[in-house]
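Shown here: start-v7.pdb, PDB, C-alpha atoms.
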ATOM      1  CA  MET U 196     -14.242  36.283   4.428  1.00  0.00           C
ATOM      2  CA  SER U 197     -13.393  35.977   8.091  1.00  0.00           C
ATOM      3  CA  ARG U 198     -10.529  33.886   9.361  1.00  0.00           C
ATOM      4  CA  PHE U 199     -12.964  31.391  10.918  1.00  0.00           C
ATOM      5  CA  SER U 200     -15.012  30.983   7.737  1.00  0.00           C
ATOM      6  CA  ARG U 201     -11.818  30.578   5.688  1.00  0.00           C
ATOM      7  CA  HIS U 202     -10.704  27.733   8.004  1.00  0.00           C
ATOM      8  CA  ALA U 203     -14.192  26.192   7.854  1.00  0.00           C
ATOM      9  CA  LEU U 204     -14.099  26.299   4.053  1.00  0.00           C
ATOM     10  CA  VAL U 205     -10.678  24.641   3.940  1.00  0.00           C
ATOM     11  CA  LEU U 206     -11.826  21.928   6.362  1.00  0.00           C
ATOM     12  CA  SER U 207     -15.015  21.255   4.385  1.00  0.00           C
ATOM     13  CA  LEU U 208     -13.010  20.945   1.153  1.00  0.00           C
ATOM     14  CA  LEU U 209     -10.629  18.576   2.913  1.00  0.00           C
ATOM     15  CA  LEU U 210     -13.415  16.329   4.134  1.00  0.00           C
ATOM     16  CA  THR U 211     -15.194  16.138   0.777  1.00  0.00           C
ATOM     17  CA  SER U 212     -12.086  15.027  -1.089  1.00  0.00           C
ATOM     18  CA  THR U 213     -10.851  11.436  -1.016  1.00  0.00           C
ATOM     19  CA  SER U 214      -7.273  12.482  -1.709  1.00  0.00           C
ATOM     20  CA  ALA U 215      -7.263  15.889  -0.086  1.00  0.00           C
ATOM     21  CA  LEU U 216      -3.732  15.973   1.254  1.00  0.00           C
ATOM     22  CA  ALA U 217      -1.573  14.258  -1.301  1.00  0.00           C
ATOM     23  CA  GLY U 218       1.490  12.600   0.108  1.00  0.00           C
ATOM     24  CA  SER U 219       4.480  10.867  -1.373  1.00  0.00           C
ATOM     25  CA  GLN U 220       5.263   7.194  -1.002  1.00  0.00           C
ATOM     26  CA  TRP U 221       7.809   4.480  -1.621  1.00  0.00           C
ATOM     27  CA  VAL U 222       7.423   0.753  -2.125  1.00  0.00           C
ATOM     28  CA  GLN U 223      10.249  -1.783  -2.100  1.00  0.00           C
ATOM     29  CA  ALA U 224      10.132  -5.558  -2.435  1.00  0.00           C
ATOM     30  CA  ARG U 225      12.188  -8.673  -1.998  1.00  0.00           C
ATOM     31  CA  THR U 226      11.048 -12.056  -3.260  1.00  0.00           C
ATOM     32  CA  VAL U 227      12.369 -15.509  -2.579  1.00  0.00           C
ATOM     33  CA  LEU U 228      11.855 -19.043  -3.882  1.00  0.00           C
ATOM     34  CA  ASN U 229      11.443 -21.297  -0.841  1.00  0.00           C
ATOM     35  CA  THR U 230      13.533 -24.150  -2.199  1.00  0.00           C
ATOM     36  CA  CYS U 231      16.606 -24.488  -4.350  1.00  0.00           C
ATOM     37  CA  GLY U 232      15.390 -27.732  -5.896  1.00  0.00           C
ATOM     38  CA  TYR U 233      11.887 -28.672  -6.977  1.00  0.00           C
ATOM     39  CA  PHE U 234       9.576 -25.612  -7.086  1.00  0.00           C
ATOM     40  CA  SER U 235       7.208 -25.275  -4.135  1.00  0.00           C
ATOM     41  CA  THR U 236       6.282 -21.705  -3.193  1.00  0.00           C
ATOM     42  CA  SER U 237       7.577 -18.168  -3.533  1.00  0.00           C
ATOM     43  CA  GLN U 238       7.156 -15.352  -1.056  1.00  0.00           C
ATOM     44  CA  ALA U 239       7.324 -11.560  -1.216  1.00  0.00           C
ATOM     45  CA  GLU U 240       8.275  -9.054   1.432  1.00  0.00           C
ATOM     46  CA  ILE U 241       6.876  -5.611   0.585  1.00  0.00           C
ATOM     47  CA  THR U 242       7.849  -2.469   2.509  1.00  0.00           C
ATOM     48  CA  LEU U 243       5.559   0.536   2.002  1.00  0.00           C
ATOM     49  CA  THR U 244       6.194   4.055   3.288  1.00  0.00           C
ATOM     50  CA  TYR U 245       3.831   7.036   3.195  1.00  0.00           C
ATOM     51  CA  ARG U 246       4.924  10.643   3.786  1.00  0.00           C
ATOM     52  CA  ASN U 247       2.712  13.677   4.190  1.00  0.00           C
ATOM     53  CA  ASP U 248       4.132  16.845   5.752  1.00  0.00           C
ATOM     54  CA  ASP U 249       0.681  18.472   5.830  1.00  0.00           C
ATOM     55  CA  LEU U 250      -0.846  16.085   8.346  1.00  0.00           C
ATOM     56  CA  PRO U 251      -1.205  17.165  11.987  1.00  0.00           C
ATOM     57  CA  TRP U 252       0.687  15.475  14.777  1.00  0.00           C
ATOM     58  CA  GLY U 253      -1.311  12.531  16.148  1.00  0.00           C
ATOM     59  CA  THR U 254      -2.550  11.323  12.746  1.00  0.00           C
ATOM     60  CA  ARG U 255      -2.877   7.556  12.330  1.00  0.00           C
ATOM     61  CA  VAL U 256      -2.302   5.825   9.000  1.00  0.00           C
ATOM     62  CA  PHE U 257      -3.509   2.389   7.910  1.00  0.00           C
ATOM     63  CA  LEU U 258      -2.603   0.333   4.860  1.00  0.00           C
ATOM     64  CA  ILE U 259      -5.480  -1.474   3.155  1.00  0.00           C
ATOM     65  CA  TYR U 260      -4.027  -3.975   0.694  1.00  0.00           C
ATOM     66  CA  GLY U 261      -4.655  -7.051  -1.410  1.00  0.00           C
ATOM     67  CA  TRP U 262      -2.733  -8.984  -4.018  1.00  0.00           C
ATOM     68  CA  GLY U 263      -3.201  -8.590  -7.772  1.00  0.00           C
ATOM     69  CA  GLY U 264      -2.449 -11.316 -10.256  1.00  0.00           C
ATOM     70  CA  SER U 265      -4.022 -14.209 -12.099  1.00  0.00           C
ATOM     71  CA  SER U 266      -5.051 -17.812 -11.769  1.00  0.00           C
ATOM     72  CA  GLY U 267      -4.785 -18.430 -15.495  1.00  0.00           C
ATOM     73  CA  PRO U 268      -4.253 -16.616 -18.787  1.00  0.00           C
ATOM     74  CA  SER U 269      -7.720 -15.027 -18.789  1.00  0.00           C
ATOM     75  CA  SER U 270      -8.518 -14.867 -15.074  1.00  0.00           C
ATOM     76  CA  THR U 271      -7.114 -11.758 -13.371  1.00  0.00           C
ATOM     77  CA  PHE U 272      -8.027 -10.206 -10.021  1.00  0.00           C
ATOM     78  CA  ASP U 273      -7.255  -7.103  -7.949  1.00  0.00           C
ATOM     79  CA  TRP U 274      -7.781  -7.774  -4.225  1.00  0.00           C
ATOM     80  CA  ALA U 275      -6.997 -11.410  -3.437  1.00  0.00           C
ATOM     81  CA  PRO U 276      -7.686 -13.222  -1.283  1.00  0.00           C
ATOM     82  CA  ALA U 277      -9.530 -10.364   0.516  1.00  0.00           C
ATOM     83  CA  PRO U 278      -8.483  -6.827   1.493  1.00  0.00           C
ATOM     84  CA  GLN U 279      -6.387  -6.693   4.660  1.00  0.00           C
ATOM     85  CA  THR U 280      -5.928  -3.669   6.921  1.00  0.00           C
ATOM     86  CA  VAL U 281      -2.793  -3.081   8.999  1.00  0.00           C
ATOM     87  CA  GLU U 282      -1.755  -0.013  10.926  1.00  0.00           C
ATOM     88  CA  ALA U 283       1.313   1.718   9.542  1.00  0.00           C
ATOM     89  CA  PRO U 284       3.125   3.126  12.579  1.00  0.00           C
ATOM     90  CA  ALA U 285       5.085   6.366  12.425  1.00  0.00           C
ATOM     91  CA  VAL U 286       8.654   5.563  11.398  1.00  0.00           C
ATOM     92  CA  ALA U 287       9.892   9.178  11.337  1.00  0.00           C
ATOM     93  CA  PRO U 288       8.247  12.598  11.592  1.00  0.00           C
ATOM     94  CA  TRP U 289       5.424  12.683   9.005  1.00  0.00           C
ATOM     95  CA  HIS U 290       6.405   9.215   7.720  1.00  0.00           C
ATOM     96  CA  TRP U 291       4.379   6.042   8.271  1.00  0.00           C
ATOM     97  CA  GLY U 292       5.397   2.604   7.116  1.00  0.00           C
ATOM     98  CA  THR U 293       4.822  -1.105   7.335  1.00  0.00           C
ATOM     99  CA  THR U 294       6.080  -4.364   5.862  1.00  0.00           C
ATOM    100  CA  VAL U 295       3.798  -7.141   4.663  1.00  0.00           C
ATOM    101  CA  THR U 296       4.706 -10.625   3.494  1.00  0.00           C
ATOM    102  CA  GLY U 297       2.804 -13.274   1.622  1.00  0.00           C
ATOM    103  CA  VAL U 298       3.022 -16.348  -0.557  1.00  0.00           C
ATOM    104  CA  ILE U 299       2.914 -15.060  -4.131  1.00  0.00           C
ATOM    105  CA  ARG U 300       3.196 -18.316  -6.107  1.00  0.00           C
ATOM    106  CA  SER U 301       2.420 -21.938  -5.458  1.00  0.00           C
ATOM    107  CA  ARG U 302       2.614 -24.947  -7.688  1.00  0.00           C
ATOM    108  CA  SER U 303      -0.599 -25.256  -9.774  1.00  0.00           C
ATOM    109  CA  SER U 304      -2.136 -22.258  -8.073  1.00  0.00           C
ATOM    110  CA  THR U 305      -2.647 -18.528  -8.134  1.00  0.00           C
ATOM    111  CA  GLN U 306       0.193 -16.203  -9.081  1.00  0.00           C
ATOM    112  CA  TYR U 307       0.346 -12.740  -7.495  1.00  0.00           C
ATOM    113  CA  THR U 308       2.289 -10.063  -9.372  1.00  0.00           C
ATOM    114  CA  SER U 309       1.379  -6.819  -7.595  1.00  0.00           C
ATOM    115  CA  ILE U 310       0.329  -5.369  -4.296  1.00  0.00           C
ATOM    116  CA  ASN U 311      -2.756  -3.166  -4.598  1.00  0.00           C
ATOM    117  CA  TYR U 312      -3.440  -0.707  -1.820  1.00  0.00           C
ATOM    118  CA  VAL U 313      -4.825   2.533  -0.443  1.00  0.00           C
ATOM    119  CA  TRP U 314      -3.756   4.558   2.579  1.00  0.00           C
ATOM    120  CA  LYS U 315      -6.472   5.248   5.155  1.00  0.00           C
ATOM    121  CA  VAL U 316      -5.583   8.439   7.013  1.00  0.00           C
ATOM    122  CA  VAL U 317      -7.300   9.137  10.339  1.00  0.00           C
ATOM    123  CA  LEU U 318      -6.847  12.679  11.630  1.00  0.00           C
ATOM    124  CA  PRO U 319      -6.613  13.367  15.395  1.00  0.00           C
ATOM    125  CA  ASP U 320     -10.221  14.667  15.423  1.00  0.00           C
ATOM    126  CA  GLY U 321     -11.483  11.341  13.987  1.00  0.00           C
ATOM    127  CA  HIS U 322     -12.074  12.475  10.419  1.00  0.00           C
ATOM    128  CA  GLU U 323     -10.613  10.185   7.802  1.00  0.00           C
ATOM    129  CA  PHE U 324      -9.782  10.130   4.121  1.00  0.00           C
ATOM    130  CA  TYR U 325      -8.306   7.638   1.686  1.00  0.00           C
ATOM    131  CA  GLU U 326      -5.136   8.398  -0.249  1.00  0.00           C
ATOM    132  CA  LYS U 327      -5.404   6.486  -3.513  1.00  0.00           C
ATOM    133  CA  GLY U 328      -3.920   8.787  -6.127  1.00  0.00           C
ATOM    134  CA  ASN U 329      -7.107   9.520  -8.051  1.00  0.00           C
ATOM    135  CA  GLY U 330     -10.694  10.618  -7.586  1.00  0.00           C
ATOM    136  CA  SER U 331     -12.392   7.438  -8.787  1.00  0.00           C
ATOM    137  CA  THR U 332     -14.769   5.623  -6.457  1.00  0.00           C
ATOM    138  CA  TYR U 333     -12.822   2.372  -6.143  1.00  0.00           C
ATOM    139  CA  GLY U 334      -9.381   3.529  -7.288  1.00  0.00           C
ATOM    140  CA  TYR U 335      -6.158   2.331  -5.739  1.00  0.00           C
ATOM    141  CA  TYR U 336      -2.383   2.212  -6.084  1.00  0.00           C
ATOM    142  CA  ALA U 337      -0.626  -0.807  -7.601  1.00  0.00           C
ATOM    143  CA  ALA U 338       3.044  -1.748  -7.295  1.00  0.00           C
ATOM    144  CA  ASP U 339       4.189  -4.551  -9.604  1.00  0.00           C
ATOM    145  CA  PHE U 340       6.845  -6.874  -8.175  1.00  0.00           C
ATOM    146  CA  SER U 341       6.862  -9.450 -10.993  1.00  0.00           C
ATOM    147  CA  GLN U 342      10.338  -8.402 -12.169  1.00  0.00           C
ATOM    148  CA  VAL U 343      12.006  -8.440  -8.721  1.00  0.00           C
ATOM    149  CA  PRO U 344      14.902 -10.952  -8.581  1.00  0.00           C
ATOM    150  CA  MET U 345      13.895 -14.209  -6.865  1.00  0.00           C
ATOM    151  CA  PRO U 346      16.842 -16.049  -5.319  1.00  0.00           C
ATOM    152  CA  CYS U 347      16.295 -19.436  -3.735  1.00  0.00           C
ATOM    153  CA  THR U 348      16.756 -20.272  -0.093  1.00  0.00           C
ATOM    154  CA  THR U 349      16.518 -23.470   1.893  1.00  0.00           C
ATOM    155  CA  THR U 350      15.002 -21.641   4.882  1.00  0.00           C
ATOM    156  CA  SER U 351      11.356 -20.755   4.335  1.00  0.00           C
ATOM    157  CA  GLY U 352      10.545 -17.125   5.116  1.00  0.00           C
ATOM    158  CA  THR U 353      14.152 -15.942   4.965  1.00  0.00           C
ATOM    159  CA  PHE U 354      14.593 -13.081   2.520  1.00  0.00           C
ATOM    160  CA  VAL U 355      18.017 -12.521   1.001  1.00  0.00           C
ATOM    161  CA  GLY U 356      19.477  -9.644  -0.960  1.00  0.00           C
ATOM    162  CA  SER U 357      18.537  -5.991  -1.179  1.00  0.00           C
ATOM    163  CA  ALA U 358      15.029  -4.672  -1.638  1.00  0.00           C
ATOM    164  CA  THR U 359      14.106  -3.477  -5.141  1.00  0.00           C
ATOM    165  CA  PRO U 360      12.236  -0.153  -5.511  1.00  0.00           C
ATOM    166  CA  LEU U 361       8.906  -0.654  -7.277  1.00  0.00           C
ATOM    167  CA  THR U 362       7.071   1.612  -9.700  1.00  0.00           C
ATOM    168  CA  ILE U 363       3.737   2.755  -8.303  1.00  0.00           C
ATOM    169  CA  THR U 364       0.787   3.278 -10.621  1.00  0.00           C
ATOM    170  CA  THR U 365      -2.665   4.569  -9.831  1.00  0.00           C
ATOM    171  CA  VAL U 366      -5.635   2.533 -11.005  1.00  0.00           C
ATOM    172  CA  VAL U 367      -8.899   4.345 -11.786  1.00  0.00           C
ATOM    173  CA  LYS U 368     -11.951   2.237 -11.019  1.00  0.00           C
ATOM    174  CA  ASN U 369     -15.530   3.504 -10.717  1.00  0.00           C
TER
END

Rewrite the coordinates I just gave you, this time as structure tokens.
Amino acid sequence: MSRFSRHALVLSLLLTSTSALAGSQWVQARTVLNTCGYFSTSQAEITLTYRNDDLPWGTRVFLIYGWGGSSGPSSTFDWAPAPQTVEAPAVAPWHWGTTVTGVIRSRSSTQYTSINYVWKVVLPDGHEFYEKGNGSTYGYYAADFSQVPMPCTTTSGTFVGSATPLTITTVVKN
């Protein structure tokens, strides 16, 4: 096998896989109750970081995310209200990251307990793949923040305390 054909084979394998270049990642969260009296809303601040030392310089990374949770005991969902896409800028060599915030609980409303996401990786030549931790068609990562401490604050949108590292699971969905 020639050097060129070996590189062509590696590239073709890369492009046919949805998780070809596995990276590592971290997710941390802070949550806050937006009042110290009568319950109104709660918010979460989620910081996600993706690392992949195998990616070429000039790669762009995007976070596609939605909220998981329930609107009742038997009504669960994965991507509420609709999937959002944000660019995760480079935060260090071979590290990309972003922070997202959202209302996770409201009185008599939906309750979000996890952030569900995939990483969209766009290589400098325009080819892209999705890092989702498994080979299923609609798989994704999930990070549950339901056990993160939730202090109260009188200033809406102000997060207090240290971020809590979250456990990341991979969800297989075909």

Atom CA of Phe257 of chain U and atom CA of Gly334 of chain U, how far apart in Å?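 Separation between atom CA of Gly334 of chain U and atom CA of Phe257 of chain U: 16.3 Å.
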
task: Run the PyMOL selection byres ((chain U and resi 327) around 12) against the file shown and list the residues it catches, as a count of residues only.
output: 38

Next item on the list: Could you state which residues are captured by the PyMOL selection byres ((chain U and resi 296) around 8) in this file, as an MDAnalysis selection string?
Entry: chainID U and resid 238:241 294:295 297:298

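Computed from the coordinates, the atom CA of Gln279 of chain U to atom CA of Leu243 of chain U distance equals 14.2 Å.
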
Compile the contact shell of segment 272-277 of chain U as a short mmCIF file (atom, residue, chain, number, x, y, z; two decimals) with C-alpha atoms, in the coordinates of the input: residues with an atom at most 7 Å away, counting only C-alpha atoms, same-chain residues fewer than 5 positions apart removed.
data_model
loop_
_atom_site.label_atom_id
_atom_site.label_comp_id
_atom_site.auth_asym_id
_atom_site.auth_seq_id
_atom_site.Cartn_x
_atom_site.Cartn_y
_atom_site.Cartn_z
CA GLY U 261 -4.66 -7.05 -1.41
CA TRP U 262 -2.73 -8.98 -4.02
CA GLY U 263 -3.20 -8.59 -7.77
CA GLY U 264 -2.45 -11.32 -10.26
CA SER U 265 -4.02 -14.21 -12.10
CA ASN U 311 -2.76 -3.17 -4.60
#
